[in-house]
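Dumped input-v6.csv below, it's CSV, C-alpha atoms:
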chain,number,residue,atom,x,y,z
F,350,MET,CA,0.6,-28.8,12.2
F,351,ASN,CA,3.3,-28.7,9.5
F,352,THR,CA,6.5,-27.0,10.6
F,353,HIS,CA,9.1,-25.8,8.1
F,354,SER,CA,12.6,-24.4,8.9
F,355,VAL,CA,14.1,-21.7,6.6
F,356,ASP,CA,16.7,-19.0,6.9
F,357,VAL,CA,14.5,-16.2,5.7
F,358,VAL,CA,10.7,-15.8,5.5
F,359,VAL,CA,9.4,-13.1,3.2
F,360,ILE,CA,5.8,-12.1,3.9
F,361,GLY,CA,4.0,-10.6,0.9
F,362,ALA,CA,4.6,-11.0,-2.9
F,363,GLY,CA,4.0,-7.5,-4.2
F,364,GLN,CA,6.7,-5.3,-5.6
F,365,ALA,CA,8.7,-5.2,-2.4
F,366,GLY,CA,8.4,-8.9,-1.6
F,367,LEU,CA,9.3,-10.1,-5.1
F,368,SER,CA,12.3,-7.7,-5.2
F,369,ALA,CA,13.6,-9.1,-1.9
F,370,ALA,CA,13.0,-12.7,-3.2
F,371,HIS,CA,15.0,-11.9,-6.3
F,372,HIS,CA,18.0,-10.6,-4.3
F,373,LEU,CA,17.8,-13.5,-1.8
F,374,ARG,CA,18.0,-16.0,-4.7
F,375,ARG,CA,20.7,-14.0,-6.5
F,376,THR,CA,22.9,-13.8,-3.4
F,377,GLY,CA,22.9,-17.5,-2.7
F,378,PHE,CA,19.8,-18.3,-0.5
F,379,ALA,CA,18.2,-21.4,-1.9
F,380,PRO,CA,14.5,-21.7,-2.5
F,381,GLY,CA,13.0,-24.0,0.2
F,382,ASP,CA,15.4,-24.2,3.1
F,383,GLY,CA,17.0,-20.9,2.3
F,384,PHE,CA,13.9,-18.7,1.9
F,385,VAL,CA,10.2,-18.8,1.2
F,386,VAL,CA,7.7,-16.1,0.2
F,387,LEU,CA,4.3,-16.3,1.9
F,388,ASP,CA,1.5,-14.4,0.2
F,389,GLY,CA,-2.1,-13.9,1.4
F,390,ASP,CA,-3.7,-13.5,-2.0
F,391,ASP,CA,-5.1,-16.2,-4.3
F,392,GLY,CA,-2.8,-15.3,-7.2
F,393,PRO,CA,0.1,-13.0,-8.3
F,394,GLY,CA,-0.1,-9.2,-8.4
F,395,GLY,CA,0.0,-8.0,-4.8
F,396,ALA,CA,-2.2,-5.0,-4.2
F,397,TRP,CA,-2.3,-4.3,-8.0
F,398,ARG,CA,-4.6,-7.3,-8.5
F,399,HIS,CA,-7.3,-5.4,-6.5
F,400,ARG,CA,-7.2,-2.1,-8.3
F,401,TRP,CA,-10.4,-0.9,-9.9
F,402,PRO,CA,-11.0,-2.2,-13.4
F,403,THR,CA,-11.2,1.3,-14.9
F,404,LEU,CA,-7.6,2.2,-13.8
F,405,ARG,CA,-5.7,1.9,-17.1
F,406,LEU,CA,-2.0,1.6,-17.5
F,407,GLU,CA,-1.9,5.1,-19.0
F,408,ARG,CA,-3.0,6.6,-15.7
F,409,VAL,CA,-0.5,4.7,-13.6
F,410,HIS,CA,2.3,7.0,-12.5
F,411,GLY,CA,5.7,6.0,-11.1
F,412,PHE,CA,5.6,2.2,-11.7
F,413,HIS,CA,9.1,0.8,-12.0
F,414,ASP,CA,10.4,-2.5,-13.3
F,415,LEU,CA,11.2,-5.3,-11.0
F,416,PRO,CA,14.9,-6.1,-10.8
F,417,GLY,CA,16.3,-8.1,-13.7
F,418,MET,CA,13.1,-8.1,-15.9
F,419,PRO,CA,11.6,-5.1,-17.6
F,420,PHE,CA,7.9,-4.6,-17.8
F,421,PRO,CA,6.9,-5.7,-21.3
F,422,PRO,CA,5.3,-3.3,-23.8
F,423,ALA,CA,1.6,-3.1,-23.2
F,424,ASP,CA,-1.5,-1.4,-24.5
F,425,PRO,CA,-1.9,1.8,-22.4
F,426,GLN,CA,-5.7,1.1,-22.3
F,427,ARG,CA,-5.2,-2.3,-20.6
F,428,PRO,CA,-6.4,-2.5,-17.0
F,429,ALA,CA,-3.5,-2.0,-14.7
F,430,ALA,CA,-4.7,-4.8,-12.4
F,431,GLU,CA,-4.6,-7.3,-15.3
F,432,ALA,CA,-1.3,-6.1,-16.8
F,433,VAL,CA,0.7,-5.8,-13.6
F,434,SER,CA,-0.6,-9.1,-12.2
F,435,ALA,CA,0.5,-10.9,-15.4
F,436,TYR,CA,3.9,-9.3,-15.1
F,437,PHE,CA,4.3,-10.4,-11.5
F,438,ALA,CA,3.2,-13.9,-12.4
F,439,ALA,CA,5.8,-14.0,-15.3
F,440,TYR,CA,8.5,-12.7,-12.9
F,441,GLU,CA,7.8,-15.4,-10.3
F,442,ARG,CA,8.1,-18.1,-13.1
F,443,ALA,CA,11.2,-16.6,-14.7
F,444,PHE,CA,13.2,-16.5,-11.5
F,445,ASP,CA,11.6,-19.7,-10.0
F,446,LEU,CA,10.6,-17.9,-6.8
F,447,PRO,CA,9.1,-20.0,-4.1
F,448,VAL,CA,5.8,-18.2,-3.5
F,449,ARG,CA,3.2,-20.1,-1.4
F,450,ARG,CA,-0.4,-18.8,-1.5
F,451,PRO,CA,-2.8,-18.2,-0.2
F,452,VAL,CA,-1.1,-18.1,3.2
F,453,ARG,CA,-2.7,-16.0,5.9
F,454,ILE,CA,-0.2,-15.1,8.7
F,455,ARG,CA,-1.7,-15.1,12.1
F,456,ALA,CA,1.2,-13.9,14.1
F,457,VAL,CA,5.0,-13.7,14.3
F,458,ARG,CA,6.6,-14.5,17.6
F,459,SER,CA,10.1,-14.8,19.0
F,460,ARG,CA,11.3,-18.3,20.0
F,461,PRO,CA,13.5,-19.2,23.0
F,462,ASP,CA,16.1,-20.5,20.6
F,463,GLY,CA,16.5,-17.0,18.9
F,464,ARG,CA,14.5,-17.9,15.8
F,465,LEU,CA,11.2,-16.3,14.7
F,466,ASP,CA,8.0,-18.3,14.6
F,467,VAL,CA,5.7,-17.5,11.7
F,468,ASP,CA,2.2,-18.9,12.5
F,469,ALA,CA,-0.1,-19.5,9.6
F,470,GLY,CA,-2.6,-21.8,11.3
F,471,HIS,CA,-2.0,-25.3,10.0
F,472,ASP,CA,1.4,-24.4,8.9
F,473,ARG,CA,4.3,-22.8,10.7
F,474,TRP,CA,7.7,-21.6,9.6
F,475,THR,CA,10.7,-20.9,11.8
F,476,ALA,CA,13.2,-18.5,10.5
F,477,ARG,CA,16.4,-16.8,11.4
F,478,ALA,CA,15.2,-13.5,9.8
F,479,LEU,CA,12.1,-12.0,8.4
F,480,ILE,CA,11.4,-9.5,5.6
F,481,ASN,CA,7.9,-8.1,5.9
F,482,ALA,CA,6.4,-6.7,2.7
F,483,THR,CA,2.7,-6.7,3.4
F,484,GLY,CA,2.0,-3.1,2.2
F,485,THR,CA,-1.2,-1.3,3.2
F,486,TRP,CA,-4.0,-2.4,0.8
F,487,THR,CA,-5.6,-4.8,3.4
F,488,ARG,CA,-5.9,-2.0,6.0
F,489,PRO,CA,-8.1,0.7,4.6
F,490,PHE,CA,-8.5,3.6,7.0
F,491,TRP,CA,-12.0,4.7,7.9
F,492,PRO,CA,-12.0,7.9,10.0
F,493,TYR,CA,-14.7,8.4,12.6
F,494,TYR,CA,-17.2,11.2,12.4
F,495,PRO,CA,-20.3,11.6,14.6
F,496,GLY,CA,-23.3,10.0,13.1
F,497,ARG,CA,-21.5,7.8,10.7
F,498,SER,CA,-23.4,4.7,11.8
F,499,SER,CA,-26.7,6.5,11.3
F,500,PHE,CA,-26.2,7.2,7.5
F,501,GLY,CA,-29.0,5.6,5.5
F,502,GLY,CA,-27.1,5.4,2.2
F,503,ARG,CA,-24.0,3.5,1.2
F,504,GLN,CA,-20.5,4.0,2.5
F,505,LEU,CA,-17.5,2.5,0.7
F,506,HIS,CA,-13.7,2.9,0.7
F,507,THR,CA,-11.2,3.3,-2.2
F,508,ALA,CA,-10.4,-0.4,-1.6
F,509,ASP,CA,-14.1,-1.3,-2.5
F,510,TYR,CA,-14.3,0.8,-5.6
F,511,GLN,CA,-15.1,-1.1,-8.8
F,512,GLY,CA,-15.8,1.7,-11.3
F,513,PRO,CA,-18.2,4.6,-11.8
F,514,ALA,CA,-21.3,2.6,-13.0
F,515,GLU,CA,-22.6,2.0,-9.5
F,516,PHE,CA,-22.7,5.7,-8.8
F,517,THR,CA,-25.0,6.5,-11.8
F,518,GLY,CA,-27.6,9.0,-10.8
F,519,ARG,CA,-26.5,9.2,-7.2
F,520,ARG,CA,-25.5,12.1,-5.0
F,521,VAL,CA,-21.9,11.3,-3.9
F,522,VAL,CA,-19.7,12.8,-1.3
F,523,VAL,CA,-16.0,12.0,-1.8
F,524,VAL,CA,-13.8,12.4,1.3
F,525,GLY,CA,-10.0,12.7,1.0
F,526,GLY,CA,-7.3,14.9,-0.6
F,527,GLY,CA,-5.0,12.4,-2.3
F,528,THR,CA,-4.5,11.2,-5.8
F,529,SER,CA,-7.0,8.4,-5.6
F,530,ALA,CA,-9.8,10.9,-4.5
F,531,VAL,CA,-9.1,13.0,-7.6
F,532,GLN,CA,-9.0,10.0,-9.9
F,533,LEU,CA,-12.3,8.6,-8.6
F,534,LEU,CA,-14.0,12.0,-8.6
F,535,ALA,CA,-13.0,12.3,-12.3
F,536,GLU,CA,-14.8,9.1,-13.1
F,537,ILE,CA,-17.8,9.4,-10.8
F,538,SER,CA,-18.6,13.0,-11.8
F,539,THR,CA,-19.4,11.9,-15.4
F,540,VAL,CA,-22.3,9.7,-14.2
F,541,ALA,CA,-23.4,10.9,-10.8
F,542,ALA,CA,-26.3,13.3,-10.1
F,543,SER,CA,-23.9,15.4,-8.1
F,544,THR,CA,-20.5,15.1,-6.5
F,545,THR,CA,-19.2,17.0,-3.4
F,546,TRP,CA,-15.5,16.9,-2.6
F,547,VAL,CA,-14.4,17.4,1.1
F,548,THR,CA,-10.9,17.4,2.6
F,549,ARG,CA,-9.5,18.0,6.0
F,550,ARG,CA,-6.9,20.5,4.6
F,551,PRO,CA,-6.9,22.5,1.4
F,552,PRO,CA,-5.5,20.3,-1.3
F,553,GLN,CA,-2.0,21.3,-2.5
F,554,PHE,CA,-1.7,21.4,-6.3
F,555,SER,CA,1.7,21.4,-7.9
F,556,ASP,CA,2.3,23.0,-11.3
F,557,GLY,CA,5.8,21.8,-11.5
F,558,GLU,CA,7.0,18.3,-12.5
F,559,PHE,CA,7.7,15.7,-9.9
F,560,GLY,CA,11.5,15.7,-10.2
F,561,PRO,CA,14.3,14.1,-8.3
F,562,GLU,CA,14.6,17.0,-5.8
F,563,LEU,CA,11.0,16.8,-4.8
F,564,GLY,CA,11.2,13.0,-4.6
F,565,ARG,CA,14.2,13.2,-2.3
F,566,ALA,CA,12.4,15.7,-0.1
F,567,ALA,CA,9.4,13.4,0.2
F,568,VAL,CA,11.5,10.3,1.1
F,569,ALA,CA,13.6,12.3,3.6
F,570,ARG,CA,10.5,13.5,5.4
F,571,VAL,CA,9.1,10.0,5.7
F,572,ASP,CA,12.5,8.6,6.6
F,573,ALA,CA,12.8,11.1,9.4
F,574,ALA,CA,9.4,10.1,10.8
F,575,VAL,CA,10.1,6.4,10.9
F,576,ARG,CA,13.6,6.9,12.4
F,577,ALA,CA,11.9,8.8,15.2
F,578,GLY,CA,9.3,6.1,15.7
F,579,ARG,CA,6.4,8.1,14.3
F,580,PRO,CA,3.9,6.6,11.8
F,581,PRO,CA,4.9,7.4,8.2
F,582,GLY,CA,3.0,10.3,6.7
F,583,SER,CA,1.6,10.9,3.2
F,584,VAL,CA,4.0,11.6,0.3
F,585,VAL,CA,1.4,13.8,-1.3
F,586,GLY,CA,1.8,16.1,1.7
F,587,VAL,CA,5.3,16.9,0.3
F,588,THR,CA,4.8,16.6,-3.4
F,589,GLY,CA,1.3,18.0,-3.9
F,590,LEU,CA,-1.1,16.9,-6.5
F,591,PRO,CA,0.3,17.4,-10.1
F,592,VAL,CA,-1.7,19.7,-12.3
F,593,THR,CA,-2.4,17.6,-15.3
F,594,PRO,CA,-4.6,18.4,-18.3
F,595,GLU,CA,-7.3,16.3,-16.6
F,596,ILE,CA,-7.0,18.3,-13.4
F,597,ARG,CA,-7.5,21.5,-15.4
F,598,ARG,CA,-10.6,20.1,-17.1
F,599,LEU,CA,-12.0,19.0,-13.7
F,600,ARG,CA,-11.4,22.5,-12.4
F,601,GLU,CA,-13.2,24.1,-15.3
F,602,ARG,CA,-16.2,21.8,-14.7
F,603,GLY,CA,-16.2,22.7,-11.0
F,604,VAL,CA,-15.6,19.1,-9.8
F,605,LEU,CA,-12.7,20.3,-7.7
F,606,ASP,CA,-14.5,23.0,-5.9
F,607,ARG,CA,-13.6,21.6,-2.5
F,608,LEU,CA,-15.3,22.1,0.8
F,609,PRO,CA,-13.8,21.6,4.3
F,610,VAL,CA,-14.7,18.3,5.8
F,611,PHE,CA,-18.1,18.1,7.4
F,612,ASP,CA,-18.6,18.0,11.2
F,613,ARG,CA,-21.1,15.2,11.3
F,614,ILE,CA,-23.0,12.7,9.2
F,615,THR,CA,-26.8,12.5,9.2
F,616,PRO,CA,-29.1,9.8,8.0
F,617,ASP,CA,-29.4,11.5,4.6
F,618,GLY,CA,-26.3,13.5,4.1
F,619,VAL,CA,-23.4,15.4,5.8
F,620,ALA,CA,-23.6,18.6,7.8
F,621,TRP,CA,-21.4,21.4,9.1
F,622,ALA,CA,-21.5,23.3,12.4
F,623,ASP,CA,-22.3,26.5,10.5
F,624,GLY,CA,-25.6,25.0,9.3
F,625,ARG,CA,-24.5,23.9,5.8
F,626,PHE,CA,-26.0,20.6,4.7
F,627,VAL,CA,-25.3,18.4,1.6
F,628,PRO,CA,-27.7,15.5,0.8
F,629,ALA,CA,-26.0,12.3,-0.1
F,630,ASP,CA,-26.8,8.8,-1.3
F,631,ILE,CA,-23.2,7.5,-1.1
F,632,ILE,CA,-20.1,8.5,0.9
F,633,LEU,CA,-16.8,7.4,-0.7
F,634,TRP,CA,-13.9,7.4,1.8
F,635,CYS,CA,-10.7,8.0,-0.1
F,636,THR,CA,-8.9,8.3,3.2
F,637,GLY,CA,-5.9,6.2,2.6
F,638,PHE,CA,-4.5,3.1,4.2
F,639,ARG,CA,-2.4,2.0,7.2
F,640,ALA,CA,0.5,-0.4,7.2
F,641,ALA,CA,-0.7,-4.0,7.6
F,642,LEU,CA,1.5,-5.0,10.5
F,643,ASP,CA,-0.9,-6.5,13.1
F,644,HIS,CA,0.7,-9.9,12.8
F,645,LEU,CA,4.0,-8.5,14.1
F,646,ALA,CA,2.3,-7.2,17.3
F,647,PRO,CA,3.7,-10.1,19.5
F,648,LEU,CA,7.2,-8.9,18.8
F,649,GLY,CA,6.5,-5.6,20.5
F,650,LEU,CA,8.1,-3.5,17.8
F,651,ARG,CA,6.1,-0.3,18.2
F,652,ALA,CA,7.6,2.8,19.9
F,653,THR,CA,5.7,5.2,22.2
F,654,GLY,CA,5.0,7.4,19.3
F,655,GLY,CA,2.9,4.7,17.7
F,656,GLY,CA,5.3,3.9,14.9
F,657,ILE,CA,8.2,1.5,14.5
F,658,VAL,CA,11.7,3.0,14.9
F,659,MET,CA,13.6,2.1,11.7
F,660,ASP,CA,17.2,2.3,10.5
F,661,GLY,CA,16.9,1.9,6.8
F,662,THR,CA,14.8,-1.2,6.4
F,663,ARG,CA,15.9,-2.7,9.7
F,664,VAL,CA,13.7,-2.5,12.8
F,665,VAL,CA,15.8,-1.1,15.6
F,666,ALA,CA,14.1,-3.1,18.3
F,667,ASP,CA,14.8,-6.4,16.5
F,668,ASP,CA,17.5,-6.7,13.9
F,669,ARG,CA,16.1,-9.9,12.6
F,670,VAL,CA,13.1,-8.0,11.2
F,671,HIS,CA,13.1,-5.8,8.1
F,672,LEU,CA,10.2,-3.8,6.8
F,673,ILE,CA,10.1,-3.0,3.1
F,674,GLY,CA,7.4,-1.2,1.2
F,675,TYR,CA,7.0,0.7,4.5
F,676,GLY,CA,7.8,4.3,5.2
F,677,PRO,CA,10.4,5.7,2.8
F,678,SER,CA,10.3,2.5,0.7
F,679,ALA,CA,6.6,2.7,0.0
F,680,SER,CA,6.9,3.3,-3.7
F,681,THR,CA,7.8,0.9,-6.5
F,682,ILE,CA,11.3,2.2,-7.0
F,683,GLY,CA,11.8,2.5,-3.2
F,684,ALA,CA,10.6,-1.1,-2.7
F,685,ASN,CA,13.2,-2.3,-5.2
F,686,ARG,CA,16.0,-0.6,-3.4
F,687,ALA,CA,14.8,-1.6,0.0
F,688,GLY,CA,14.6,-5.3,-1.1
F,689,ARG,CA,18.3,-5.2,-2.0
F,690,ALA,CA,19.3,-3.3,1.1
F,691,ALA,CA,17.4,-5.7,3.4
F,692,VAL,CA,19.0,-8.8,1.9
F,693,ASN,CA,22.5,-7.3,2.2
F,694,GLU,CA,21.9,-6.6,5.9
F,695,ILE,CA,20.4,-10.1,6.5
F,696,ARG,CA,23.4,-11.7,4.8
F,697,SER,CA,25.7,-9.9,7.2
F,698,LEU,CA,23.5,-10.9,10.2
F,699,LEU,CA,23.3,-14.5,9.3
F,700,ALA,CA,27.0,-14.9,8.2
F,701,PRO,CA,28.8,-17.4,10.5
F,702,ALA,CA,31.0,-15.8,13.0
F,703,PRO,CA,34.8,-16.2,12.4
F,704,VAL,CA,36.5,-18.9,14.3
F,705,LEU,CA,39.1,-17.5,16.6
F,706,ASP,CA,42.4,-19.5,17.3
Go ahead and express the file in the form of structure tokens.
Amino acid sequence: MNTHSVDVVVIGAGQAGLSAAHHLRRTGFAPGDGFVVLDGDDGPGGAWRHRWPTLRLERVHGFHDLPGMPFPPADPQRPAAEAVSAYFAAYERAFDLPVRRPVRIRAVRSRPDGRLDVDAGHDRWTARALINATGTWTRPFWPYYPGRSSFGGRQLHTADYQGPAEFTGRRVVVVGGGTSAVQLLAEISTVAASTTWVTRRPPQFSDGEFGPELGRAAVARVDAAVRAGRPPGSVVGVTGLPVTPEIRRLRERGVLDRLPVFDRITPDGVAWADGRFVPADIILWCTGFRAALDHLAPLGLRATGGGIVMDGTRVVADDRVHLIGYGPSASTIGANRAGRAAVNEIRSLLAPAPVLD
């Protein structure tokens, strides 16, 4: 086993991880023994490299530049996965960031000497502090409904979606009330034999623009949850779904005629307790993701409410550990700010104590 000693380990090289790496380098942490970035993917791009090919730049909302390097002008029809991955790769080169990949983290544990042990199988890093930026893409959430295992058709998640072609001529049930569900419905409805949209709660559409006030309300709500040790909720629950020209067209076509979520799944469709039945060939679960934090389980960070109590980016139960791209920083602009904040706190934590006379 190869063992490496560093001051700070950053896990994840998406927006949050690269932002943290930039601030670490800018504030004096040297690549190598000062810090390292460990990424589980085969190449740059973070979760963006896995987005479906039909997601074009023109449909990406709220993407912000990484610190110190603007996103270059690009064709709005270019696939977002391709464009953002190229941008992240250029960023890593421009700032000479020490990203190692693919590195799959098995577990993070506390050592008797006060350092953290980051176990990646054949390689191990010991660190004085950890910035975790693993996001959610690797943990798609599949809710349980009675009969799910009996379904004779195909079931897939947003994370598996590769475009509308595979839905051609099929009867499709789309589950979920978020932005991704609406985007995928828009594509699939042009080729499918039929689409049925089901959600647990009535979707909230917002005719107003997503302004600073609404953004602050969304962040404050999520921040309150993580400070109390509850799992962070959905931002869409605060902001609602923006009513765009595309949304209006989908409404006119009846694509957004939503049904409450079914009570059970049958071998050939979905059914409700009142006797309603919808036949289906495919169930697409647009039911979101959960934070990819299983590797931190040995540290015992979770509170009784199921979440992790946070103060800003810092884990209250262990001030060596910072989570970015989690909770209120789970947006591209939030991740940038969180990277800077985490590095500032870690610099204070690791600063040598003053010598007393």
Exercise. So which residues touch F:Gly688 within 7 Å, counting all atoms listed in the file, skipping near sequence neighbours fewer than 2 positions away, as a list in words?
Worked result: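 Near neighbours after the sequence-gap exclusion: Ala365, Ser368, Ala369, Ile673, Ala684, Asn685, Arg686, Ala690, Ala691 and Val692 of chain F.
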Based on the selection just made, write C-alpha atoms of those residues as a JSON list (two decimals), in the coordinates of the input.
[["chain", "number", "residue", "atom", "x", "y", "z"],
["F", 365, "ALA", "CA", 8.70, -5.20, -2.40],
["F", 368, "SER", "CA", 12.30, -7.70, -5.20],
["F", 369, "ALA", "CA", 13.60, -9.10, -1.90],
["F", 673, "ILE", "CA", 10.10, -3.00, 3.10],
["F", 684, "ALA", "CA", 10.60, -1.10, -2.70],
["F", 685, "ASN", "CA", 13.20, -2.30, -5.20],
["F", 686, "ARG", "CA", 16.00, -0.60, -3.40],
["F", 690, "ALA", "CA", 19.30, -3.30, 1.10],
["F", 691, "ALA", "CA", 17.40, -5.70, 3.40],
["F", 692, "VAL", "CA", 19.00, -8.80, 1.90]]
Problem set entry | Which residue of F:Tyr493, F:Trp401, F:Phe554, F:Phe638 approaches F:Asp612 most closely, using all atoms listed in the file |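 So, comparing all the options, the nearest one is F:Tyr493.
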Problem set entry | Between atom CA of F:Ile631 and atom CA of F:Gly502 - distance in Å to one decimal |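 Taking atom CA of F:Gly502 and atom CA of F:Ile631, their separation equals 5.5 Å.
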For this session: For stretch 357-361 of chain F, please output as a list in words all residues within 7 Å (counting all atoms listed in the file; exclusion window: fewer than 6 positions along the same chain).
Result: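 Answer for this query is Gly383, Phe384, Val385, Val386, Leu387, Asp388, Gly389, Ala476, Arg477, Ala478, Leu479, Ile480, Asn481, Ala482 and Thr483 of chain F.
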For this session: Go through F:Ala443, F:Asp391, F:Arg497, F:Ala456 one by one, measure the shortest atom-to-atom distance of each to F:Ala646 using only C-alpha atoms, and give the residue with the smallest value.
Result: F:Ala456
Problem set entry | F:Ala430 surroundings by all atoms listed in the file, 8 Å radius, close-in-sequence under 5 positions cut, as a ChimeraX atom specification | /F:394,397-402,404
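The shortest atom-to-atom distance to F:Trp491, with all atoms listed in the file taken into account, belongs to F:Trp634 out of F:Phe412, F:Phe378, F:Trp634, F:Trp474.
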